[in-house]
$ cat start.txt   # compact mmCIF, C-alpha atoms
# COMPACT_ATOMS: atom_id res chain seq x y z
CA MET H 1 -23.50 -71.01 -73.91
CA GLU H 2 -22.70 -70.80 -70.17
CA PRO H 3 -24.44 -73.32 -67.89
CA ILE H 4 -27.20 -71.94 -65.66
CA ASP H 5 -26.03 -71.57 -62.08
CA LEU H 6 -28.98 -73.02 -60.15
CA MET H 7 -27.66 -71.86 -56.78
CA ASN H 8 -27.44 -68.25 -57.97
CA ILE H 9 -31.04 -68.38 -59.16
CA ILE H 10 -32.15 -69.84 -55.83
CA TRP H 11 -30.29 -67.16 -53.90
CA LEU H 12 -31.80 -64.46 -56.12
CA LEU H 13 -35.27 -65.83 -55.50
CA VAL H 14 -34.66 -66.05 -51.75
CA GLY H 15 -33.24 -62.52 -51.70
CA GLY H 16 -36.22 -61.20 -53.65
CA LEU H 17 -38.64 -62.95 -51.32
CA ILE H 18 -36.87 -61.54 -48.25
CA SER H 19 -36.99 -58.06 -49.81
CA LEU H 20 -40.74 -58.38 -50.45
CA VAL H 21 -41.36 -59.54 -46.89
CA PHE H 22 -39.26 -56.65 -45.55
CA LEU H 23 -41.09 -54.16 -47.79
CA PHE H 24 -44.47 -55.55 -46.74
CA THR H 25 -43.46 -55.28 -43.07
CA LEU H 26 -42.45 -51.64 -43.56
CA ILE H 27 -45.78 -50.90 -45.25
CA ILE H 28 -47.65 -52.41 -42.30
CA ILE H 29 -45.55 -50.52 -39.76
CA PHE H 30 -45.85 -47.13 -41.43
CA PHE H 31 -49.14 -47.24 -43.34
CA TYR H 32 -51.39 -49.75 -41.55
CA LYS H 33 -53.56 -48.17 -38.86
CA LYS H 34 -55.81 -50.09 -36.51
CA PRO H 35 -58.44 -48.56 -34.21
CA THR H 36 -58.20 -49.10 -30.47
CA HIS H 37 -61.20 -49.82 -28.27
CA GLY H 38 -63.74 -46.99 -28.48
CA GLN H 39 -62.38 -45.62 -31.75
CA THR H 40 -63.45 -45.65 -35.38
CA LEU H 41 -61.06 -44.68 -38.18
CA ILE H 42 -62.27 -42.65 -41.16
CA ARG H 43 -60.03 -42.49 -44.21
CA THR H 44 -60.80 -40.00 -46.97
CA GLY H 45 -59.05 -39.18 -50.22
CA PHE H 46 -58.01 -41.63 -52.93
CA GLY H 47 -60.54 -44.44 -53.21
CA GLY H 48 -63.31 -42.54 -51.43
CA THR H 49 -64.34 -42.63 -47.79
CA LYS H 50 -63.47 -45.78 -45.87
CA VAL H 51 -64.62 -46.55 -42.32
CA ALA H 52 -62.84 -49.05 -40.05
CA PHE H 53 -64.53 -50.19 -36.81
CA ASP H 54 -62.32 -53.04 -35.62
CA LYS H 55 -60.12 -54.07 -38.55
CA GLY H 56 -57.15 -52.05 -39.71
CA ILE H 57 -56.90 -49.78 -42.71
CA TYR H 58 -54.02 -48.62 -44.95
CA VAL H 59 -53.36 -44.90 -44.94
CA ILE H 60 -50.86 -43.55 -47.45
CA PRO H 61 -49.63 -39.97 -46.91
CA VAL H 62 -50.59 -37.43 -49.61
CA LEU H 63 -53.21 -39.85 -51.00
CA HIS H 64 -55.23 -40.20 -47.81
CA LYS H 65 -56.36 -38.25 -44.76
CA LEU H 66 -57.05 -40.09 -41.53
CA GLU H 67 -59.49 -38.96 -38.84
CA ILE H 68 -60.29 -40.69 -35.56
CA LEU H 69 -63.80 -40.70 -34.12
CA ASP H 70 -64.30 -41.38 -30.42
CA THR H 71 -67.21 -43.82 -30.26
CA THR H 72 -67.37 -44.26 -26.49
CA ILE H 73 -70.70 -43.53 -24.81
CA LYS H 74 -71.26 -39.83 -24.13
CA ARG H 75 -73.15 -38.95 -20.94
CA ILE H 76 -75.29 -35.81 -20.86
CA GLU H 77 -76.98 -34.77 -17.61
CA LEU H 78 -79.64 -32.07 -17.48
CA LYS H 79 -80.40 -30.45 -14.12
CA LEU H 80 -83.61 -28.48 -14.51
CA THR H 81 -84.27 -26.86 -11.16
CA GLY H 82 -85.81 -23.70 -9.77
CA GLU H 83 -86.92 -21.22 -12.40
CA ASN H 84 -85.33 -23.47 -15.05
CA GLY H 85 -87.58 -26.40 -14.11
CA LEU H 86 -90.26 -27.99 -16.24
CA ILE H 87 -93.85 -26.73 -16.33
CA CYS H 88 -96.59 -29.35 -16.15
CA LYS H 89 -100.08 -29.22 -17.64
CA ASP H 90 -101.52 -27.98 -14.34
CA GLY H 91 -98.97 -25.14 -14.19
CA GLU H 92 -96.79 -26.78 -11.54
CA LEU H 93 -93.08 -26.00 -11.82
CA ILE H 94 -91.05 -29.13 -11.15
CA ASP H 95 -87.39 -29.96 -10.62
CA VAL H 96 -86.08 -32.72 -12.86
CA ILE H 97 -82.67 -34.32 -13.24
CA ALA H 98 -82.34 -36.49 -16.35
CA THR H 99 -79.39 -38.37 -17.82
CA PHE H 100 -78.95 -39.30 -21.47
CA HIS H 101 -76.37 -41.67 -22.97
CA LEU H 102 -75.39 -41.31 -26.63
CA ARG H 103 -73.28 -43.54 -28.83
CA ALA H 104 -72.26 -43.31 -32.48
CA ASN H 105 -74.06 -45.97 -34.52
CA TYR H 106 -71.79 -48.75 -35.79
CA SER H 107 -72.68 -48.50 -39.45
CA GLN H 108 -70.91 -47.04 -42.48
CA GLU H 109 -73.83 -44.71 -43.23
CA SER H 110 -74.11 -43.38 -39.66
CA ILE H 111 -70.39 -42.72 -39.28
CA LYS H 112 -70.28 -40.91 -42.61
CA LYS H 113 -73.29 -38.83 -41.56
CA ILE H 114 -71.56 -37.87 -38.29
CA VAL H 115 -68.42 -36.81 -40.16
CA GLN H 116 -70.38 -34.79 -42.73
CA THR H 117 -72.72 -33.01 -40.28
CA LEU H 118 -70.59 -32.58 -37.15
CA GLY H 119 -67.02 -33.53 -37.98
CA CYS H 120 -64.83 -35.94 -36.01
CA GLU H 121 -63.47 -33.31 -33.64
CA LYS H 122 -66.88 -32.06 -32.47
CA ALA H 123 -68.42 -35.52 -32.42
CA SER H 124 -65.59 -36.75 -30.16
CA ASN H 125 -65.65 -33.84 -27.72
CA ILE H 126 -68.09 -34.13 -24.79
CA GLU H 127 -68.48 -30.36 -24.42
CA ASP H 128 -69.47 -30.00 -28.08
CA ILE H 129 -71.79 -33.00 -27.81
CA GLN H 130 -73.51 -31.44 -24.79
CA GLU H 131 -73.91 -28.13 -26.62
CA ILE H 132 -75.44 -29.84 -29.66
CA PHE H 133 -77.77 -32.33 -27.99
CA SER H 134 -78.80 -30.66 -24.72
CA PRO H 135 -81.32 -28.34 -26.45
CA ILE H 136 -82.84 -31.37 -28.25
CA PHE H 137 -83.27 -33.28 -24.99
CA LEU H 138 -84.53 -30.21 -23.14
CA GLU H 139 -87.18 -29.57 -25.78
CA SER H 140 -88.37 -33.17 -25.53
CA LEU H 141 -88.60 -33.00 -21.73
CA ASN H 142 -90.62 -29.78 -21.97
CA ASN H 143 -92.92 -31.13 -24.70
CA VAL H 144 -93.80 -34.22 -22.67
CA ALA H 145 -94.06 -32.53 -19.25
CA LYS H 146 -96.61 -29.96 -20.42
CA LYS H 147 -98.99 -32.75 -21.50
CA PHE H 148 -99.42 -34.18 -18.00
CA LYS H 149 -100.30 -33.00 -14.52
CA PHE H 150 -97.56 -33.29 -11.91
CA GLU H 151 -99.17 -36.07 -9.87
CA VAL H 152 -99.57 -38.17 -13.02
CA LEU H 153 -95.91 -37.64 -13.94
CA ARG H 154 -94.59 -38.42 -10.47
CA ASN H 155 -96.52 -41.69 -10.37
CA SER H 156 -95.57 -42.65 -13.91
CA ILE H 157 -91.86 -41.85 -14.26
CA PRO H 158 -91.08 -44.88 -16.50
CA GLU H 159 -93.87 -43.84 -18.87
CA PHE H 160 -92.61 -40.25 -18.78
CA ARG H 161 -89.12 -41.49 -19.71
CA ASP H 162 -90.48 -43.59 -22.59
CA SER H 163 -92.47 -40.64 -23.91
CA VAL H 164 -89.37 -38.42 -23.79
CA VAL H 165 -87.35 -40.99 -25.75
CA ALA H 166 -90.15 -41.36 -28.32
CA ASN H 167 -90.39 -37.58 -28.64
CA ILE H 168 -86.65 -37.27 -29.29
CA GLY H 169 -86.89 -39.63 -32.24
CA ARG H 170 -84.10 -41.39 -34.11
CA ASP H 171 -82.60 -38.62 -36.24
CA LEU H 172 -79.59 -37.72 -34.09
CA TYR H 173 -76.95 -36.99 -36.74
CA GLY H 174 -75.82 -40.63 -36.82
CA PHE H 175 -75.89 -41.13 -33.04
CA SER H 176 -78.30 -43.37 -31.15
CA LEU H 177 -79.80 -42.79 -27.72
CA GLU H 178 -78.54 -45.78 -25.72
CA ASP H 179 -80.29 -44.93 -22.47
CA CYS H 180 -82.32 -42.27 -20.71
CA SER H 181 -83.06 -42.10 -17.00
CA ILE H 182 -85.07 -39.71 -14.84
CA ASN H 183 -82.97 -39.52 -11.68
CA TYR H 184 -85.05 -36.98 -9.78
CA MET H 185 -88.49 -35.40 -10.03
CA GLU H 186 -90.15 -33.22 -7.43
CA LYS H 187 -92.43 -30.22 -7.26
CA LEU H 188 -90.77 -26.89 -6.60
CA SER H 189 -90.88 -26.27 -2.86
CA VAL H 190 -92.86 -23.40 -1.34
CA THR H 191 -89.62 -21.80 -0.10
CA GLN H 192 -88.18 -21.87 -3.59
CA GLU H 193 -91.35 -20.38 -5.02
CA ILE H 194 -91.23 -17.50 -2.52
CA ASN H 195 -87.54 -16.89 -3.27
CA ASN H 196 -88.20 -16.84 -7.01
CA TYR H 197 -91.18 -14.53 -6.51
CA THR H 198 -89.05 -12.18 -4.40
CA LYS H 199 -86.23 -12.15 -6.97
CA SER H 200 -88.63 -11.04 -9.67
CA PHE H 201 -89.14 -7.73 -7.81
CA ASN H 202 -85.43 -7.07 -7.11

$ encode --input "start.txt" --output "structure tokens"
Amino acid sequence: MEPIDLMNIIWLLVGGLISLVFLFTLIIIFFYKKPTHGQTLIRTGFGGTKVAFDKGIYVIPVLHKLEILDTTIKRIELKLTGENGLICKDGELIDVIATFHLRANYSQESIKKIVQTLGCEKASNIEDIQEIFSPIFLESLNNVAKKFKFEVLRNSIPEFRDSVVANIGRDLYGFSLEDCSINYMEKLSVTQEINNYTKSFN
């Protein structure tokens, strides 16, 4: 029986350990994905849907599909002026400029809801976001404005804003309304009313 060469065993163990470390490094380089600031990673496929907010996630080709959701705040401004203005309870047509800020909720359920209802591409694109949410915000502004006379609204802009936010509600496809501001509110001027009246006969 030949004596066991201890040095050979040690070198084999060291070589195996180096190979494992090298393999692990390659796996991290090629398969480990980490979101940058303002991003959320969504991995689908083998093992179900996995969402990564700040920590990394392993994505293996063929087994997984990776999508990136832009979770930065989306700004939507509505300029409702002239004939597109809001109508108050007393029939006054008013000009309003309002700004809304949306952000994807940082929860597994909300992100999955966004992906299922809108998709990552639409939910990350500001033009698509504006197209989806502008009608919702416009409807809320109209619903609240028609409940109050103009003078009441002009003297109670913070309350008007709070009522608009409450009217919008919380069901925003996984997004949350971070902020809403009423930047401008004024009654349609007499000159504008005359111009609009004239246009209706042309």

$ atom_distance --input "start.txt" --atom1 "CA of Lys187 in chain H" --atom2 "CA of Phe160 in chain H"
15.3 Å

$ atom_distance --input "start.txt" --atom1 "CA of Ser181 in chain H" --atom2 "CA of Ala98 in chain H"
5.7 Å

$ closest_atom_pairs --input "start.txt" --of "range 45-77 of chain H" --to "range 128-143 of chain H" --cutoff "10 Å" --atoms "only C-alpha atoms" --output "JSON lines"
{"residue": "H:Lys74", "atom": "CA", "partner": "H:Ile129", "partner_atom": "CA", "distance": 7.8}
{"residue": "H:Arg75", "atom": "CA", "partner": "H:Gln130", "partner_atom": "CA", "distance": 8.4}
{"residue": "H:Ile76", "atom": "CA", "partner": "H:Gln130", "partner_atom": "CA", "distance": 6.1}
{"residue": "H:Glu77", "atom": "CA", "partner": "H:Ser134", "partner_atom": "CA", "distance": 8.4}

$ residues_around --input "start.txt" --residues "Ala145 in chain H" --least-positions-apart "5" --cutoff "9 Å" --atoms "all atoms listed in the file" --output "PDB file with C-alpha atoms, keeping the file's coordinate frame"
ATOM      1  CA  LEU H  86     -90.260 -27.990 -16.240  1.00  0.00           C
ATOM      2  CA  ILE H  87     -93.850 -26.730 -16.330  1.00  0.00           C
ATOM      3  CA  CYS H  88     -96.590 -29.350 -16.150  1.00  0.00           C
ATOM      4  CA  LYS H  89    -100.080 -29.220 -17.640  1.00  0.00           C
ATOM      5  CA  SER H 140     -88.370 -33.170 -25.530  1.00  0.00           C
ATOM      6  CA  PHE H 150     -97.560 -33.290 -11.910  1.00  0.00           C
ATOM      7  CA  LEU H 153     -95.910 -37.640 -13.940  1.00  0.00           C
ATOM      8  CA  PHE H 160     -92.610 -40.250 -18.780  1.00  0.00           C
ATOM      9  CA  VAL H 164     -89.370 -38.420 -23.790  1.00  0.00           C
TER      10      VAL H 164
END

$ closest_residue --input "start.txt" --among "H:Asp95, H:Lys122, H:Val59, H:Val14" --to "Phe31 in chain H" --atoms "only C-alpha atoms"
H:Val59

$ residues_around --input "start.txt" --residues "Arg161 in chain H" --least-positions-apart "5" --cutoff "12 Å" --atoms "only C-alpha atoms" --output "MDAnalysis selection string"
chainID H and resid 96:100 137 140:141 144:145 153:156 166:168 179:185

$ residues_near_point --input "start.txt" --point "(-82.9, -23.7, -13.1)" --cutoff "12 Å" --atoms "all atoms listed in the file" --output "list of chain:residue names"
H:Leu78, H:Lys79, H:Leu80, H:Thr81, H:Gly82, H:Glu83, H:Asn84, H:Gly85, H:Leu86, H:Ile87, H:Leu93, H:Ile94, H:Asp95, H:Val96, H:Ile97, H:Leu188, H:Gln192, H:Asn196

$ residues_around --input "start.txt" --residues "Ala104 in chain H" --least-positions-apart "3" --cutoff "7 Å" --atoms "all atoms listed in the file" --output "number ranges by chain"
H: 71, 174-176

$ atom_distance --input "start.txt" --atom1 "CA of Leu69 in chain H" --atom2 "CA of Ala123 in chain H"
7.1 Å

$ residues_near_point --input "start.txt" --point "(-72.5, -42.3, -22.3)" --cutoff "7 Å" --atoms "only C-alpha atoms" --output "list of chain:residue names"
H:Thr72, H:Ile73, H:Lys74, H:Arg75, H:His101, H:Leu102, H:Arg103

$ residues_around --input "start.txt" --residues "Lys112 in chain H" --least-positions-apart "5" --cutoff "12 Å" --atoms "all atoms listed in the file" --output "list of chain:residue names"
H:Thr40, H:Leu41, H:Ile42, H:Arg43, H:Thr44, H:Gly48, H:Thr49, H:Lys50, H:Val51, H:Ala52, H:Glu67, H:Leu69, H:Ala104, H:Asn105, H:Tyr106, H:Ser107, H:Thr117, H:Leu118, H:Gly119, H:Cys120, H:Ala123, H:Tyr173, H:Gly174, H:Phe175

$ write_last_selection --input "start.txt" --atoms "C-alpha atoms" --output "PDB file, in the frame of the given file"
ATOM      1  CA  THR H  40     -63.450 -45.650 -35.380  1.00  0.00           C
ATOM      2  CA  LEU H  41     -61.060 -44.680 -38.180  1.00  0.00           C
ATOM      3  CA  ILE H  42     -62.270 -42.650 -41.160  1.00  0.00           C
ATOM      4  CA  ARG H  43     -60.030 -42.490 -44.210  1.00  0.00           C
ATOM      5  CA  THR H  44     -60.800 -40.000 -46.970  1.00  0.00           C
ATOM      6  CA  GLY H  48     -63.310 -42.540 -51.430  1.00  0.00           C
ATOM      7  CA  THR H  49     -64.340 -42.630 -47.790  1.00  0.00           C
ATOM      8  CA  LYS H  50     -63.470 -45.780 -45.870  1.00  0.00           C
ATOM      9  CA  VAL H  51     -64.620 -46.550 -42.320  1.00  0.00           C
ATOM     10  CA  ALA H  52     -62.840 -49.050 -40.050  1.00  0.00           C
ATOM     11  CA  GLU H  67     -59.490 -38.960 -38.840  1.00  0.00           C
ATOM     12  CA  LEU H  69     -63.800 -40.700 -34.120  1.00  0.00           C
ATOM     13  CA  ALA H 104     -72.260 -43.310 -32.480  1.00  0.00           C
ATOM     14  CA  ASN H 105     -74.060 -45.970 -34.520  1.00  0.00           C
ATOM     15  CA  TYR H 106     -71.790 -48.750 -35.790  1.00  0.00           C
ATOM     16  CA  SER H 107     -72.680 -48.500 -39.450  1.00  0.00           C
ATOM     17  CA  THR H 117     -72.720 -33.010 -40.280  1.00  0.00           C
ATOM     18  CA  LEU H 118     -70.590 -32.580 -37.150  1.00  0.00           C
ATOM     19  CA  GLY H 119     -67.020 -33.530 -37.980  1.00  0.00           C
ATOM     20  CA  CYS H 120     -64.830 -35.940 -36.010  1.00  0.00           C
ATOM     21  CA  ALA H 123     -68.420 -35.520 -32.420  1.00  0.00           C
ATOM     22  CA  TYR H 173     -76.950 -36.990 -36.740  1.00  0.00           C
ATOM     23  CA  GLY H 174     -75.820 -40.630 -36.820  1.00  0.00           C
ATOM     24  CA  PHE H 175     -75.890 -41.130 -33.040  1.00  0.00           C
TER      25      PHE H 175
END

$ closest_residue --input "start.txt" --among "H:Ser110, H:Lys65, H:Val152, H:Tyr32" --to "Arg170 in chain H" --atoms "only C-alpha atoms"
H:Ser110

$ decode --input "start.txt" --residues "range 129-159 of chain H" --atoms "N, CA, C and O atoms" --output "tab-separated table (two decimals), in the first residue's frame"
chain	number	residue	atom	x	y	z
H	129	ILE	N	-47.50	57.20	-18.30
H	129	ILE	CA	-48.03	57.50	-16.97
H	129	ILE	C	-49.01	58.68	-17.04
H	129	ILE	O	-50.09	58.65	-16.44
H	130	GLN	N	-48.64	59.71	-17.79
H	130	GLN	CA	-49.52	60.87	-17.96
H	130	GLN	C	-50.82	60.47	-18.63
H	130	GLN	O	-51.90	60.92	-18.24
H	131	GLU	N	-50.73	59.63	-19.65
H	131	GLU	CA	-51.92	59.20	-20.38
H	131	GLU	C	-52.86	58.38	-19.49
H	131	GLU	O	-54.09	58.49	-19.59
H	132	ILE	N	-52.28	57.59	-18.61
H	132	ILE	CA	-53.09	56.72	-17.74
H	132	ILE	C	-53.73	57.50	-16.59
H	132	ILE	O	-54.91	57.33	-16.28
H	133	PHE	N	-52.94	58.38	-15.94
H	133	PHE	CA	-53.41	59.00	-14.70
H	133	PHE	C	-54.03	60.39	-14.88
H	133	PHE	O	-54.79	60.83	-14.01
H	134	SER	N	-53.73	61.08	-15.95
H	134	SER	CA	-54.31	62.42	-16.15
H	134	SER	C	-55.83	62.41	-16.12
H	134	SER	O	-56.45	63.27	-15.47
H	135	PRO	N	-56.50	61.46	-16.80
H	135	PRO	CA	-57.98	61.44	-16.73
H	135	PRO	C	-58.50	61.21	-15.30
H	135	PRO	O	-59.53	61.76	-14.93
H	136	ILE	N	-57.77	60.42	-14.51
H	136	ILE	CA	-58.18	60.17	-13.12
H	136	ILE	C	-58.10	61.45	-12.30
H	136	ILE	O	-59.03	61.80	-11.56
H	137	PHE	N	-57.00	62.19	-12.47
H	137	PHE	CA	-56.81	63.43	-11.72
H	137	PHE	C	-57.78	64.51	-12.20
H	137	PHE	O	-58.30	65.29	-11.40
H	138	LEU	N	-58.01	64.56	-13.50
H	138	LEU	CA	-58.93	65.54	-14.07
H	138	LEU	C	-60.35	65.31	-13.55
H	138	LEU	O	-61.05	66.26	-13.18
H	139	GLU	N	-60.77	64.06	-13.50
H	139	GLU	CA	-62.11	63.74	-12.99
H	139	GLU	C	-62.25	64.17	-11.54
H	139	GLU	O	-63.29	64.70	-11.14
H	140	SER	N	-61.21	63.95	-10.74
H	140	SER	CA	-61.26	64.34	-9.34
H	140	SER	C	-61.36	65.85	-9.19
H	140	SER	O	-62.14	66.36	-8.37
H	141	LEU	N	-60.57	66.60	-9.96
H	141	LEU	CA	-60.63	68.06	-9.93
H	141	LEU	C	-62.03	68.55	-10.28
H	141	LEU	O	-62.57	69.46	-9.64
H	142	ASN	N	-62.61	67.97	-11.31
H	142	ASN	CA	-63.96	68.36	-11.74
H	142	ASN	C	-65.00	68.03	-10.68
H	142	ASN	O	-65.89	68.84	-10.39
H	143	ASN	N	-64.90	66.84	-10.09
H	143	ASN	CA	-65.87	66.40	-9.08
H	143	ASN	C	-65.88	67.33	-7.87
H	143	ASN	O	-66.94	67.64	-7.32
H	144	VAL	N	-64.69	67.76	-7.46
H	144	VAL	CA	-64.60	68.62	-6.27
H	144	VAL	C	-65.00	70.05	-6.61
H	144	VAL	O	-65.73	70.70	-5.85
H	145	ALA	N	-64.55	70.57	-7.75
H	145	ALA	CA	-64.83	71.96	-8.12
H	145	ALA	C	-66.33	72.24	-8.23
H	145	ALA	O	-66.80	73.30	-7.80
H	146	LYS	N	-67.08	71.29	-8.77
H	146	LYS	CA	-68.51	71.54	-8.99
H	146	LYS	C	-69.32	71.52	-7.69
H	146	LYS	O	-70.52	71.83	-7.70
H	147	LYS	N	-68.68	71.20	-6.56
H	147	LYS	CA	-69.38	71.19	-5.27
H	147	LYS	C	-69.29	72.53	-4.55
H	147	LYS	O	-69.97	72.74	-3.56
H	148	PHE	N	-68.43	73.42	-5.05
H	148	PHE	CA	-68.20	74.68	-4.34
H	148	PHE	C	-68.30	75.89	-5.27
H	148	PHE	O	-68.01	75.78	-6.46
H	149	LYS	N	-68.70	77.01	-4.72
H	149	LYS	CA	-68.67	78.25	-5.45
H	149	LYS	C	-67.24	78.74	-5.58
H	149	LYS	O	-66.38	78.39	-4.76
H	150	PHE	N	-66.99	79.57	-6.59
H	150	PHE	CA	-65.61	79.99	-6.87
H	150	PHE	C	-64.97	80.71	-5.69
H	150	PHE	O	-63.82	80.44	-5.33
H	151	GLU	N	-65.68	81.64	-5.08
H	151	GLU	CA	-65.10	82.42	-3.99
H	151	GLU	C	-64.70	81.53	-2.81
H	151	GLU	O	-63.69	81.78	-2.15
H	152	VAL	N	-65.47	80.48	-2.59
H	152	VAL	CA	-65.15	79.53	-1.51
H	152	VAL	C	-63.87	78.78	-1.87
H	152	VAL	O	-62.98	78.61	-1.03
H	153	LEU	N	-63.77	78.35	-3.13
H	153	LEU	CA	-62.58	77.62	-3.57
H	153	LEU	C	-61.33	78.49	-3.49
H	153	LEU	O	-60.29	78.05	-2.99
H	154	ARG	N	-61.42	79.71	-3.98
H	154	ARG	CA	-60.26	80.58	-4.02
H	154	ARG	C	-59.74	80.90	-2.62
H	154	ARG	O	-58.54	81.07	-2.42
H	155	ASN	N	-60.63	80.96	-1.65
H	155	ASN	CA	-60.23	81.25	-0.28
H	155	ASN	C	-59.91	79.99	0.53
H	155	ASN	O	-59.55	80.10	1.71
H	156	SER	N	-60.06	78.84	-0.10
H	156	SER	CA	-59.81	77.58	0.63
H	156	SER	C	-59.05	76.60	-0.25
H	156	SER	O	-59.43	75.42	-0.37
H	157	ILE	N	-57.97	77.06	-0.86
H	157	ILE	CA	-57.20	76.20	-1.77
H	157	ILE	C	-56.62	74.96	-1.08
H	157	ILE	O	-56.68	73.86	-1.63
H	158	PRO	N	-56.07	75.08	0.15
H	158	PRO	CA	-55.58	73.86	0.82
H	158	PRO	C	-56.68	72.82	1.02
H	158	PRO	O	-56.45	71.61	0.85
H	159	GLU	N	-57.87	73.28	1.39
H	159	GLU	CA	-59.00	72.36	1.58
H	159	GLU	C	-59.42	71.75	0.25
H	159	GLU	O	-59.79	70.57	0.18
